[in-house]
>>> print(open('start-v2.cif').read())   # mmCIF, C-alpha atoms and all ligand atoms
data_my_file
#
loop_
_atom_site.label_atom_id
_atom_site.label_comp_id
_atom_site.auth_asym_id
_atom_site.auth_seq_id
_atom_site.Cartn_x
_atom_site.Cartn_y
_atom_site.Cartn_z
CA MET W 17 -11.37 -16.69 143.48
CA SER W 18 -8.38 -18.51 142.18
CA THR W 19 -4.96 -17.03 141.53
CA THR W 20 -3.00 -18.00 138.48
CA ILE W 21 0.60 -18.78 139.18
CA GLU W 22 2.88 -18.54 136.18
CA ALA W 23 5.05 -21.51 135.38
CA PRO W 24 8.45 -21.05 137.03
CA ARG W 25 11.16 -19.71 134.70
CA SER W 26 8.68 -18.41 132.18
CA PRO W 27 10.19 -15.42 130.35
CA TYR W 28 9.82 -12.00 131.98
CA SER W 29 7.10 -10.02 130.34
CA ARG W 30 5.20 -6.81 130.82
CA ALA W 31 2.83 -4.75 128.76
CA PRO W 32 4.78 -3.08 125.94
CA ARG W 33 5.30 0.65 126.40
CA SER W 34 2.68 2.31 124.34
CA ARG W 35 3.96 5.86 124.29
CA GLY W 36 6.67 8.16 125.56
CA VAL W 37 10.36 8.38 124.87
CA ASN W 38 12.61 5.69 126.32
CA TRP W 39 14.98 8.10 128.08
CA GLU W 40 17.08 5.40 129.73
CA LYS W 41 17.84 3.90 126.33
CA TRP W 42 18.93 7.26 124.90
CA GLY W 43 20.99 7.94 128.02
CA TRP W 44 22.72 4.61 127.45
CA MET W 45 23.38 5.52 123.80
CA TYR W 46 24.62 8.97 124.84
CA MET W 47 27.22 7.47 127.23
CA ARG W 48 28.71 5.49 124.36
CA ALA W 49 28.51 8.14 121.63
CA SER W 50 29.87 10.94 123.83
CA GLY W 51 32.60 8.59 125.11
CA LEU W 52 33.94 8.04 121.61
CA VAL W 53 34.07 11.78 120.84
CA LEU W 54 35.59 12.53 124.27
CA VAL W 55 38.51 10.18 123.62
CA VAL W 56 39.61 12.46 120.77
CA LEU W 57 38.82 15.74 122.56
CA ILE W 58 40.46 14.87 125.90
CA PHE W 59 43.55 13.18 124.45
CA GLY W 60 44.01 16.21 122.17
CA HIS W 61 43.58 18.55 125.17
CA LEU W 62 46.12 16.63 127.26
CA ILE W 63 48.68 16.34 124.45
CA VAL W 64 48.57 20.06 123.63
CA ASN W 65 48.51 21.24 127.26
CA LEU W 66 50.66 18.66 129.07
CA VAL W 67 53.01 16.98 126.57
CA LEU W 68 53.93 19.34 123.71
CA GLY W 69 56.33 22.23 124.29
CA ASP W 70 57.16 22.70 127.95
CA GLY W 71 54.04 20.88 129.14
CA ILE W 72 52.45 22.16 132.32
CA LYS W 73 55.26 24.69 132.86
CA ALA W 74 53.99 26.70 129.89
CA ILE W 75 50.44 27.13 131.20
CA ASP W 76 49.57 30.68 132.25
CA PHE W 77 47.22 33.47 131.23
CA ALA W 78 49.16 34.18 128.02
CA PHE W 79 48.93 30.48 127.03
CA VAL W 80 45.14 30.53 127.40
CA GLY W 81 45.06 33.86 125.54
CA GLY W 82 46.88 32.25 122.63
CA LYS W 83 44.49 29.30 122.50
CA TRP W 84 41.17 31.06 122.98
CA SER W 85 41.93 33.78 120.42
CA ASN W 86 41.47 30.92 117.94
CA PRO W 87 37.84 29.86 117.29
CA PHE W 88 39.03 26.29 116.68
CA TRP W 89 40.10 25.85 120.32
CA GLN W 90 37.02 27.74 121.57
CA VAL W 91 34.72 25.26 119.83
CA TRP W 92 36.94 22.33 120.91
CA ASP W 93 36.81 23.31 124.58
CA CYS W 94 33.11 24.15 124.46
CA LEU W 95 32.25 20.72 123.02
CA MET W 96 34.51 19.02 125.55
CA LEU W 97 32.86 20.97 128.38
CA TRP W 98 29.28 20.02 127.42
CA LEU W 99 29.95 16.40 126.47
CA ALA W 100 32.14 15.62 129.51
CA MET W 101 29.88 17.33 132.06
CA ILE W 102 26.73 15.60 130.82
CA HIS W 103 28.52 12.22 130.47
CA GLY W 104 30.03 12.52 133.95
CA ALA W 105 26.81 13.65 135.61
CA ASN W 106 24.75 10.95 133.92
CA GLY W 107 27.33 8.40 135.09
CA MET W 108 27.10 9.80 138.63
CA ARG W 109 23.31 9.44 138.40
CA THR W 110 23.83 5.70 137.82
CA LEU W 111 25.95 5.59 140.97
CA VAL W 112 23.29 7.42 143.01
CA ASN W 113 20.68 4.94 141.78
CA ASP W 114 22.97 2.06 142.76
CA TYR W 115 24.06 3.16 146.21
CA ALA W 116 21.52 5.60 147.70
CA SER W 117 18.79 3.38 149.06
CA HIS W 118 16.42 6.03 150.36
CA ARG W 119 14.09 7.79 147.94
CA THR W 120 14.62 11.24 149.46
CA THR W 121 18.42 10.85 149.48
CA ARG W 122 18.35 9.93 145.81
CA GLY W 123 16.21 12.97 145.04
CA ILE W 124 18.55 15.34 146.90
CA LEU W 125 21.70 13.89 145.32
CA LYS W 126 20.30 13.96 141.79
CA GLY W 127 19.05 17.50 142.36
CA ALA W 128 22.56 18.51 143.43
CA LEU W 129 24.03 16.87 140.31
CA LEU W 130 21.59 18.66 138.02
CA PHE W 131 22.25 21.97 139.75
CA SER W 132 26.05 21.69 139.49
CA VAL W 133 25.90 20.65 135.83
CA ILE W 134 23.73 23.62 134.88
CA VAL W 135 25.87 26.10 136.84
CA LEU W 136 29.22 24.79 135.58
CA ILE W 137 28.20 24.43 131.93
CA THR W 138 26.82 27.98 131.97
CA LEU W 139 29.91 29.33 133.69
CA GLY W 140 32.35 27.44 131.43
CA THR W 141 30.58 28.47 128.23
CA LEU W 142 30.46 32.12 129.29
CA VAL W 143 34.15 32.02 130.22
CA ILE W 144 35.16 30.67 126.79
CA PHE W 145 33.16 33.16 124.76
CA THR W 146 33.50 36.34 126.85
CA PHE W 147 37.24 35.83 127.34
CA ASP W 148 39.45 38.82 126.51
CA PRO W 149 43.07 37.81 125.83
CA CYS W 150 44.27 41.42 126.17
CA PRO W 151 42.40 43.02 129.12
CA ALA W 152 42.98 46.77 129.38
CA GLY W 153 45.35 47.81 132.14
CA ALA W 154 46.91 44.39 132.71
CA PRO W 155 50.74 44.24 132.79
CA ALA W 156 51.99 43.47 129.26
CA ASP W 157 54.44 40.78 130.40
CA LEU W 158 51.51 38.61 131.57
CA LEU W 159 49.74 38.74 128.21
CA ALA W 160 50.19 36.98 124.88
CA SER W 161 52.77 38.63 122.62
CA PHE W 162 50.14 39.70 120.05
CA CYS W 163 48.55 42.06 122.60
CA SER W 164 51.39 44.60 122.36
CA ALA W 165 51.76 44.23 118.58
CA SER W 166 49.43 47.10 117.65
CA MET A 3 34.86 -27.52 124.57
CA SER A 4 31.95 -29.54 125.85
CA ARG A 5 29.18 -27.67 127.58
CA THR A 6 28.12 -30.60 129.71
CA GLU A 7 31.53 -31.05 131.23
CA THR A 8 31.61 -29.29 134.60
CA GLY A 9 34.39 -28.22 136.91
CA THR A 10 37.18 -28.33 134.31
CA HIS A 11 37.14 -24.63 133.48
CA ALA A 12 39.19 -22.01 135.25
CA PRO A 13 37.12 -19.88 137.61
CA GLY A 14 35.97 -16.73 135.86
CA SER A 15 35.70 -18.27 132.43
CA LEU A 16 32.33 -17.78 130.81
CA ALA A 17 31.60 -21.47 130.58
CA PRO A 18 29.12 -22.79 133.15
CA THR A 19 30.33 -24.90 136.02
CA GLY A 20 28.49 -26.89 138.62
CA LYS A 21 28.71 -23.97 141.03
CA ARG A 22 28.01 -21.02 138.81
CA PRO A 23 25.45 -20.37 136.10
CA GLN A 24 26.46 -19.46 132.58
CA GLY A 25 27.19 -15.97 131.34
CA THR A 26 28.15 -13.88 134.34
CA LEU A 27 30.35 -11.29 132.65
CA TYR A 28 30.37 -9.09 135.73
CA ARG A 29 31.15 -11.52 138.54
CA GLY A 30 34.69 -12.18 139.65
CA ARG A 31 37.96 -11.86 137.76
CA GLU A 32 38.57 -9.49 134.83
CA GLY A 33 34.95 -8.54 134.13
CA MET A 34 34.35 -7.37 137.69
CA TRP A 35 37.68 -5.61 138.25
CA SER A 36 37.43 -3.68 135.00
CA TRP A 37 33.99 -2.51 136.14
CA VAL A 38 35.28 -1.47 139.59
CA LEU A 39 38.16 0.48 138.04
CA HIS A 40 35.89 2.08 135.44
CA ARG A 41 33.60 3.29 138.21
CA ILE A 42 36.35 4.67 140.46
CA THR A 43 38.14 6.45 137.60
CA GLY A 44 34.85 7.93 136.34
CA ILE A 45 34.09 9.43 139.76
CA ALA A 46 37.63 10.81 140.13
CA ILE A 47 37.54 12.49 136.71
CA PHE A 48 34.11 13.98 137.42
CA PHE A 49 35.26 15.68 140.62
CA PHE A 50 38.46 16.85 138.95
CA LEU A 51 36.39 18.42 136.17
CA LEU A 52 34.24 20.39 138.64
CA VAL A 53 37.36 21.99 140.15
CA HIS A 54 39.02 22.39 136.75
CA ILE A 55 36.16 24.49 135.34
CA LEU A 56 36.27 26.72 138.42
CA ASP A 57 40.05 27.29 138.26
CA THR A 58 39.91 27.96 134.50
CA ALA A 59 37.17 30.55 135.18
CA LEU A 60 39.79 32.66 136.97
CA VAL A 61 40.96 33.90 133.54
CA ARG A 62 37.84 36.12 133.69
CA VAL A 63 38.88 37.53 137.07
CA ALA A 64 42.44 38.70 136.39
CA PRO A 65 45.62 37.41 134.70
CA GLU A 66 47.34 37.60 138.11
CA ALA A 67 44.65 35.46 139.77
CA TYR A 68 44.86 32.73 137.12
CA ASN A 69 48.66 32.66 137.15
CA ALA A 70 48.76 32.50 140.95
CA VAL A 71 46.58 29.38 141.01
CA MET A 72 48.41 27.76 138.08
CA SER A 73 51.77 28.23 139.81
CA THR A 74 50.52 26.16 142.77
CA TYR A 75 49.97 23.28 140.29
CA LYS A 76 53.57 23.29 139.11
CA ASN A 77 55.19 21.48 142.03
CA PRO A 78 56.21 17.84 142.39
CA ILE A 79 53.25 16.83 144.57
CA MET A 80 50.73 18.19 142.08
CA GLY A 81 52.87 16.65 139.33
CA LEU A 82 52.16 13.24 140.84
CA GLY A 83 48.48 14.13 141.07
CA GLU A 84 48.42 15.06 137.37
CA THR A 85 50.13 11.75 136.59
CA ALA A 86 47.41 9.89 138.52
CA LEU A 87 44.72 11.86 136.67
CA VAL A 88 46.18 10.98 133.28
CA GLY A 89 46.40 7.34 134.40
CA ALA A 90 42.71 7.41 135.37
CA ILE A 91 41.67 9.02 132.06
CA ALA A 92 43.71 6.55 130.00
CA PHE A 93 42.16 3.55 131.76
CA HIS A 94 38.60 4.94 131.61
CA ALA A 95 38.97 5.82 127.91
CA TYR A 96 40.45 2.48 126.79
CA ASN A 97 38.10 0.43 128.94
CA GLY A 98 35.19 2.59 127.71
CA ILE A 99 36.03 1.51 124.17
CA ARG A 100 36.13 -2.08 125.43
CA ILE A 101 32.61 -1.68 126.91
CA ILE A 102 31.36 -0.26 123.60
CA LEU A 103 32.86 -3.22 121.72
CA ILE A 104 31.24 -5.68 124.15
CA ASP A 105 27.87 -4.01 123.52
CA PHE A 106 27.97 -3.56 119.75
CA TRP A 107 30.44 -6.08 118.31
CA THR A 108 28.96 -9.58 118.01
CA LYS A 109 32.22 -11.21 119.16
CA GLY A 110 32.71 -8.62 121.94
CA PRO A 111 31.44 -10.70 124.90
CA LYS A 112 33.56 -13.65 123.77
CA TYR A 113 36.74 -11.57 123.72
CA GLN A 114 35.99 -9.35 126.75
CA LYS A 115 38.78 -10.94 128.77
CA VAL A 116 41.36 -10.63 126.00
CA MET A 117 40.27 -7.03 125.48
CA PHE A 118 40.81 -6.34 129.20
CA TYR A 119 44.47 -7.31 128.83
CA VAL A 120 44.71 -5.21 125.66
CA VAL A 121 43.40 -2.26 127.74
CA ILE A 122 46.07 -2.90 130.39
CA GLY A 123 48.75 -3.18 127.68
CA LEU A 124 47.74 0.08 125.99
CA TRP A 125 47.60 1.76 129.38
CA VAL A 126 51.16 0.66 130.23
CA VAL A 127 52.45 1.92 126.86
CA THR A 128 50.65 5.27 127.27
CA MET A 129 52.00 5.78 130.77
CA ALA A 130 55.52 4.72 129.76
CA GLY A 131 55.45 7.49 127.16
CA PHE A 132 53.77 10.12 129.32
CA VAL A 133 55.23 9.77 132.81
CA PRO A 134 58.95 10.43 132.07
CA ARG A 135 58.08 13.40 129.83
CA HIS A 136 55.77 14.94 132.43
CA LEU A 137 58.01 14.34 135.44
CA ILE A 138 60.98 15.93 133.63
CA ASN A 139 58.81 19.01 132.99
CA VAL A 140 57.65 19.10 136.60
CA PHE A 141 60.99 18.50 138.31
CA SER A 142 62.95 20.85 136.02
CA GLU A 143 60.59 23.61 137.22
CA MET A 144 61.97 23.31 140.76
CA GLY A 145 65.17 25.20 139.94
CA HIS A 146 63.21 28.35 139.05
C1 LIG N 1 37.72 9.56 127.57
C2 LIG N 1 36.60 9.19 127.01
C3 LIG N 1 35.51 8.43 127.76
C4 LIG N 1 34.96 7.23 127.36
C5 LIG N 1 35.32 6.40 126.11
C6 LIG N 1 33.97 6.88 128.34
C7 LIG N 1 33.14 5.76 128.26
C8 LIG N 1 32.23 5.39 129.21
C9 LIG N 1 31.31 4.27 129.09
C10 LIG N 1 31.18 3.37 127.86
C11 LIG N 1 30.61 4.19 130.25
C12 LIG N 1 29.59 3.13 130.62
C13 LIG N 1 28.18 3.65 130.57
C14 LIG N 1 27.18 2.56 130.89
O1 LIG N 1 27.55 1.51 131.47
O2 LIG N 1 26.00 2.76 130.55
C15 LIG N 1 31.07 5.26 131.12
C16 LIG N 1 30.62 5.48 132.41
C17 LIG N 1 31.01 6.56 133.20
N1 LIG N 1 31.85 7.59 132.84
FE1 LIG N 1 32.89 7.70 131.10
N2 LIG N 1 33.93 7.84 129.33
C18 LIG N 1 34.86 8.82 129.01
C19 LIG N 1 35.11 9.98 129.73
C20 LIG N 1 34.55 10.30 130.98
C21 LIG N 1 34.74 11.56 131.69
C22 LIG N 1 35.56 12.76 131.18
C23 LIG N 1 34.06 11.46 132.88
C24 LIG N 1 33.91 12.47 134.01
C25 LIG N 1 33.60 13.73 133.80
C26 LIG N 1 33.44 10.15 132.91
C27 LIG N 1 32.65 9.65 133.94
C28 LIG N 1 31.95 8.47 133.93
C29 LIG N 1 31.14 7.97 135.02
C30 LIG N 1 30.97 8.63 136.40
C31 LIG N 1 30.56 6.76 134.57
C32 LIG N 1 29.61 5.83 135.36
C33 LIG N 1 30.38 4.64 135.87
C34 LIG N 1 29.48 3.50 136.28
O3 LIG N 1 28.26 3.53 136.03
O4 LIG N 1 30.04 2.53 136.84
N3 LIG N 1 33.75 9.46 131.73
N4 LIG N 1 32.06 5.98 130.46
C1 LIG N 2 46.35 17.96 134.28
C2 LIG N 2 45.74 17.94 133.13
C3 LIG N 2 45.08 19.17 132.52
C4 LIG N 2 45.60 20.42 132.31
C5 LIG N 2 47.01 20.91 132.64
C6 LIG N 2 44.55 21.21 131.70
C7 LIG N 2 44.68 22.56 131.33
C8 LIG N 2 43.68 23.35 130.83
C9 LIG N 2 43.85 24.72 130.39
C10 LIG N 2 45.17 25.47 130.39
C11 LIG N 2 42.64 25.16 129.98
C12 LIG N 2 42.34 26.55 129.40
C13 LIG N 2 41.93 26.49 127.93
C14 LIG N 2 42.80 25.64 127.05
O1 LIG N 2 44.03 25.61 127.23
O2 LIG N 2 42.24 24.95 126.18
C15 LIG N 2 41.68 24.08 130.16
C16 LIG N 2 40.33 24.14 129.89
C17 LIG N 2 39.46 23.07 129.94
N1 LIG N 2 39.78 21.76 130.28
FE1 LIG N 2 41.59 21.10 130.90
N2 LIG N 2 43.43 20.44 131.56
C18 LIG N 2 43.70 19.18 132.03
C19 LIG N 2 42.84 18.10 132.07
C20 LIG N 2 41.53 18.11 131.64
C21 LIG N 2 40.64 16.95 131.63
C22 LIG N 2 41.03 15.56 132.10
C23 LIG N 2 39.44 17.39 131.14
C24 LIG N 2 38.16 16.61 130.88
C25 LIG N 2 37.61 15.80 131.71
C26 LIG N 2 39.55 18.81 130.87
C27 LIG N 2 38.54 19.63 130.39
C28 LIG N 2 38.63 20.98 130.18
C29 LIG N 2 37.51 21.83 129.80
C30 LIG N 2 36.07 21.36 129.61
C31 LIG N 2 38.03 23.15 129.66
C32 LIG N 2 37.21 24.41 129.31
C33 LIG N 2 36.81 25.05 130.64
C34 LIG N 2 35.90 26.25 130.48
O3 LIG N 2 35.02 26.23 129.61
O4 LIG N 2 36.02 27.20 131.28
N3 LIG N 2 40.84 19.21 131.17
N4 LIG N 2 42.34 22.98 130.69
#
>>> encode(input="start-v2.cif", output="structure tokens", more="lines below")
Ligand code: HEM
Ligand code: HEM
Amino acid sequence: MSTTIEAPRSPYSRAPRSRGVNWEKWGWMYMRASGLVLVVLIFGHLIVNLVLGDGIKAIDFAFVGGKWSNPFWQVWDCLMLWLAMIHGANGMRTLVNDYASHRTTRGILKGALLFSVIVLITLGTLVIFTFDPCPAGAPADLLASFCSAS
Amino acid sequence: MSRTETGTHAPGSLAPTGKRPQGTLYRGREGMWSWVLHRITGIAIFFFLLVHILDTALVRVAPEAYNAVMSTYKNPIMGLGETALVGAIAFHAYNGIRIILIDFWTKGPKYQKVMFYVVIGLWVVTMAGFVPRHLINVFSEMGH
């Protein structure tokens, strides 16, 4: 039986994928699309929270109460949470693929990434939408000024 | 620029030389260092975000709990940490746009080196605007 040896430097080829979604391609597209949106969301977040007004000095419970009583900032933060967590975790998956040489290690690390993304996205989303800016019984001087208005 | 001429190009230029094949965007010089920095900043931001979501979640525990943790962030050491974080974000964001241009703009690969210096320039301008403003906020807190 004779073996055929391809001519050196002939172009790489393999059977074309016949079915199934090309997940790596969509992951690659996601990194770029989410990156563009995140530029706006994160720069906006940093300007409002760190630069305008008194910057970081102004951040306390009442500050968050003022922002999250407005649906605009709730949606803003929720989008930023989902896009950044998935972008970051998918980027970390690339790093695991690059540096973890053992199959089991890769599996454990990617499992840990998936787990932390699911837990933190769930937690963050619940926090945004179950947040109460004026919790009963809390000292009024810690709350936003509109809490004592009524 | 003649393609057959070898050895006359600066190392790191895209033109082929006798020692290096053509088209290695990611080996040596600007292409490689931008990639290294993009990687390191991406990891740093990811771990910051994990902690950041947990500390923000304290608003659901009690106003006192959230304020207690926030007050530990308002000292000069953390102020420097926040400055580093903003520096990392600014680089990752600008260089991310550079990567997108390399991938989708037909002239992107040709100008990748120029774009790297544009990224550095924009980063310097951003930090020159941000750092004084932030450090004044942080250090004026100390008197309280
Ligand atoms: C500010 C807007 C951002 C832009 C424009 C951006 C853009 C990008 C791009 C284009 C890539 C390359 C993906 C690839 O090579 O396939 C990337 C990778 C990455 N990004 Fe971002 N990103 C942004 C924000 C973030 C945030 C908030 C995080 C963390 C939560 C993050 C973490 C990462 C990581 C870990 C990688 C993988 C690095 C590597 O493979 O070397 N990025 N980013
Ligand atoms: C030192 C810089 C930063 C400060 C002082 C800061 C401050 C805050 C504050 C006060 C909140 C509460 C809600 C609000 O004000 O909108 C918040 C929420 C949030 N921040 Fe930041 N932030 C910083 C950097 C970042 C960065 C770099 C990212 C993205 C990678 C980010 C992502 C988020 C997200 C996703 C939430 C919502 C968390 C949740 O759903 O529980 N922040 N941040």
>>> atom_distance(input="start-v2.cif", atom1="CA of Ser73 (chain A)", atom2="CA of Gly140 (chain W)")
21.2 Å
>>> interface_residues(input="start-v2.cif", of="chain W", to="chain A", cutoff="7 Å", atoms="all atoms listed in the file", output="ChimeraX atom specification")
/W:48,55,67,70-73,76-77,104,136,140,143,147,158
>>> closest_atom_pairs(input="start-v2.cif", of="chain W", to="ligand LIG 1 (chain N)", cutoff="7 Å", atoms="all atoms listed in the file", output="tab-separated table")
residue	atom	partner	partner_atom	distance
W:Trp44	CA	N:LIG1	O2	4.9
W:Met47	CA	N:LIG1	C13	5.2
W:Arg48	CA	N:LIG1	C10	4.8
W:Gly51	CA	N:LIG1	C4	3.5
W:Leu52	CA	N:LIG1	C5	5.0
W:Leu54	CA	N:LIG1	C2	4.4
W:Val55	CA	N:LIG1	C2	4.0
W:Ile58	CA	N:LIG1	C1	6.2
W:Ala100	CA	N:LIG1	C22	4.8
W:Met101	CA	N:LIG1	C25	5.5
W:His103	CA	N:LIG1	C26	5.9
W:Gly104	CA	N:LIG1	C25	3.8
W:Ala105	CA	N:LIG1	C30	6.6
W:Gly107	CA	N:LIG1	C32	3.4
W:Met108	CA	N:LIG1	C30	4.6
W:Thr110	CA	N:LIG1	O3	5.2
W:Leu111	CA	N:LIG1	O3	5.8
>>> residues_around(input="start-v2.cif", residues="region 111-121 of chain A", least_positions_apart="6", cutoff="8 Å", atoms="only C-alpha atoms", output="PyMOL selection string")
chain A and resi 27+32-33+36+93+96-97+100+104-105
>>> atom_distance(input="start-v2.cif", atom1="atom C22 of ligand LIG 2 (chain N)", atom2="CA of Pro78 (chain A)")
18.5 Å
>>> atom_distance(input="start-v2.cif", atom1="CA of Gly69 (chain W)", atom2="CA of Val56 (chain W)")
19.7 Å
>>> closest_atom_pairs(input="start-v2.cif", of="chain W", to="ligand LIG 2 (chain N)", cutoff="8 Å", atoms="all atoms listed in the file", output="CSV")
residue,atom,partner,partner_atom,distance
W:Ile58,CA,N:LIG2,C24,5.8
W:His61,CA,N:LIG2,FE1,6.6
W:Leu62,CA,N:LIG2,C18,5.9
W:Asn65,CA,N:LIG2,C5,5.6
W:Leu66,CA,N:LIG2,C5,5.6
W:Gly71,CA,N:LIG2,C5,7.9
W:Ile72,CA,N:LIG2,C5,5.6
W:Ile75,CA,N:LIG2,C10,5.6
W:Asp76,CA,N:LIG2,C10,7.1
W:Phe79,CA,N:LIG2,O1,6.9
W:Val80,CA,N:LIG2,O1,5.0
W:Lys83,CA,N:LIG2,O1,6.0
W:Trp84,CA,N:LIG2,C13,6.8
W:Trp89,CA,N:LIG2,O2,6.3
W:Gln90,CA,N:LIG2,O2,7.5
W:Trp92,CA,N:LIG2,O2,7.9
W:Asp93,CA,N:LIG2,C32,4.9
W:Cys94,CA,N:LIG2,O3,5.9
W:Leu95,CA,N:LIG2,C30,7.6
W:Met96,CA,N:LIG2,C30,4.9
W:Leu97,CA,N:LIG2,C30,3.5
W:Trp98,CA,N:LIG2,C30,7.3
W:Ala100,CA,N:LIG2,C25,5.9
W:Met101,CA,N:LIG2,C30,7.8
W:Ile137,CA,N:LIG2,O3,7.4
W:Leu139,CA,N:LIG2,O4,6.9
W:Gly140,CA,N:LIG2,O3,3.5
W:Thr141,CA,N:LIG2,O3,5.2
W:Leu142,CA,N:LIG2,O3,7.5
W:Val143,CA,N:LIG2,O4,5.3
W:Ile144,CA,N:LIG2,O3,5.3
>>> write_last_selection(input="start-v2.cif", atoms="C-alpha atoms", output="short mmCIF file (atom, residue, chain, number, x, y, z; two decimals), keeping the file's coordinate frame")
data_model
loop_
_atom_site.label_atom_id
_atom_site.label_comp_id
_atom_site.auth_asym_id
_atom_site.auth_seq_id
_atom_site.Cartn_x
_atom_site.Cartn_y
_atom_site.Cartn_z
CA ILE W 58 40.46 14.87 125.90
CA HIS W 61 43.58 18.55 125.17
CA LEU W 62 46.12 16.63 127.26
CA ASN W 65 48.51 21.24 127.26
CA LEU W 66 50.66 18.66 129.07
CA GLY W 71 54.04 20.88 129.14
CA ILE W 72 52.45 22.16 132.32
CA ILE W 75 50.44 27.13 131.20
CA ASP W 76 49.57 30.68 132.25
CA PHE W 79 48.93 30.48 127.03
CA VAL W 80 45.14 30.53 127.40
CA LYS W 83 44.49 29.30 122.50
CA TRP W 84 41.17 31.06 122.98
CA TRP W 89 40.10 25.85 120.32
CA GLN W 90 37.02 27.74 121.57
CA TRP W 92 36.94 22.33 120.91
CA ASP W 93 36.81 23.31 124.58
CA CYS W 94 33.11 24.15 124.46
CA LEU W 95 32.25 20.72 123.02
CA MET W 96 34.51 19.02 125.55
CA LEU W 97 32.86 20.97 128.38
CA TRP W 98 29.28 20.02 127.42
CA ALA W 100 32.14 15.62 129.51
CA MET W 101 29.88 17.33 132.06
CA ILE W 137 28.20 24.43 131.93
CA LEU W 139 29.91 29.33 133.69
CA GLY W 140 32.35 27.44 131.43
CA THR W 141 30.58 28.47 128.23
CA LEU W 142 30.46 32.12 129.29
CA VAL W 143 34.15 32.02 130.22
CA ILE W 144 35.16 30.67 126.79
#
>>> closest_residue(input="start-v2.cif", among="W:Gly81, W:Gly60, W:Ile21, W:Ser132", to="Thr146 (chain W)", atoms="only C-alpha atoms")
W:Gly81
>>> closest_residue(input="start-v2.cif", among="A:Phe141, A:Leu87, A:Val38, A:Trp107", to="Phe50 (chain A)", atoms="all atoms listed in the file")
A:Leu87
>>> closest_residue(input="start-v2.cif", among="W:Ala78, W:Leu99, W:Ile134, W:Leu125", to="Ala156 (chain W)", atoms="only C-alpha atoms")
W:Ala78
>>> axis_aligned_box(input="start-v2.cif", around="region 28-43 of chain A", padding_each_side="3 Å", output="JSON")
{"center_x": 34.5, "center_y": -2.9, "center_z": 137.3, "size_x": 14.2, "size_y": 24.6, "size_z": 12.3}
>>> closest_residue(input="start-v2.cif", among="A:Leu103, A:Thr128, A:Trp37, A:Gly30", to="Ile63 (chain W)", atoms="all atoms listed in the file")
A:Thr128
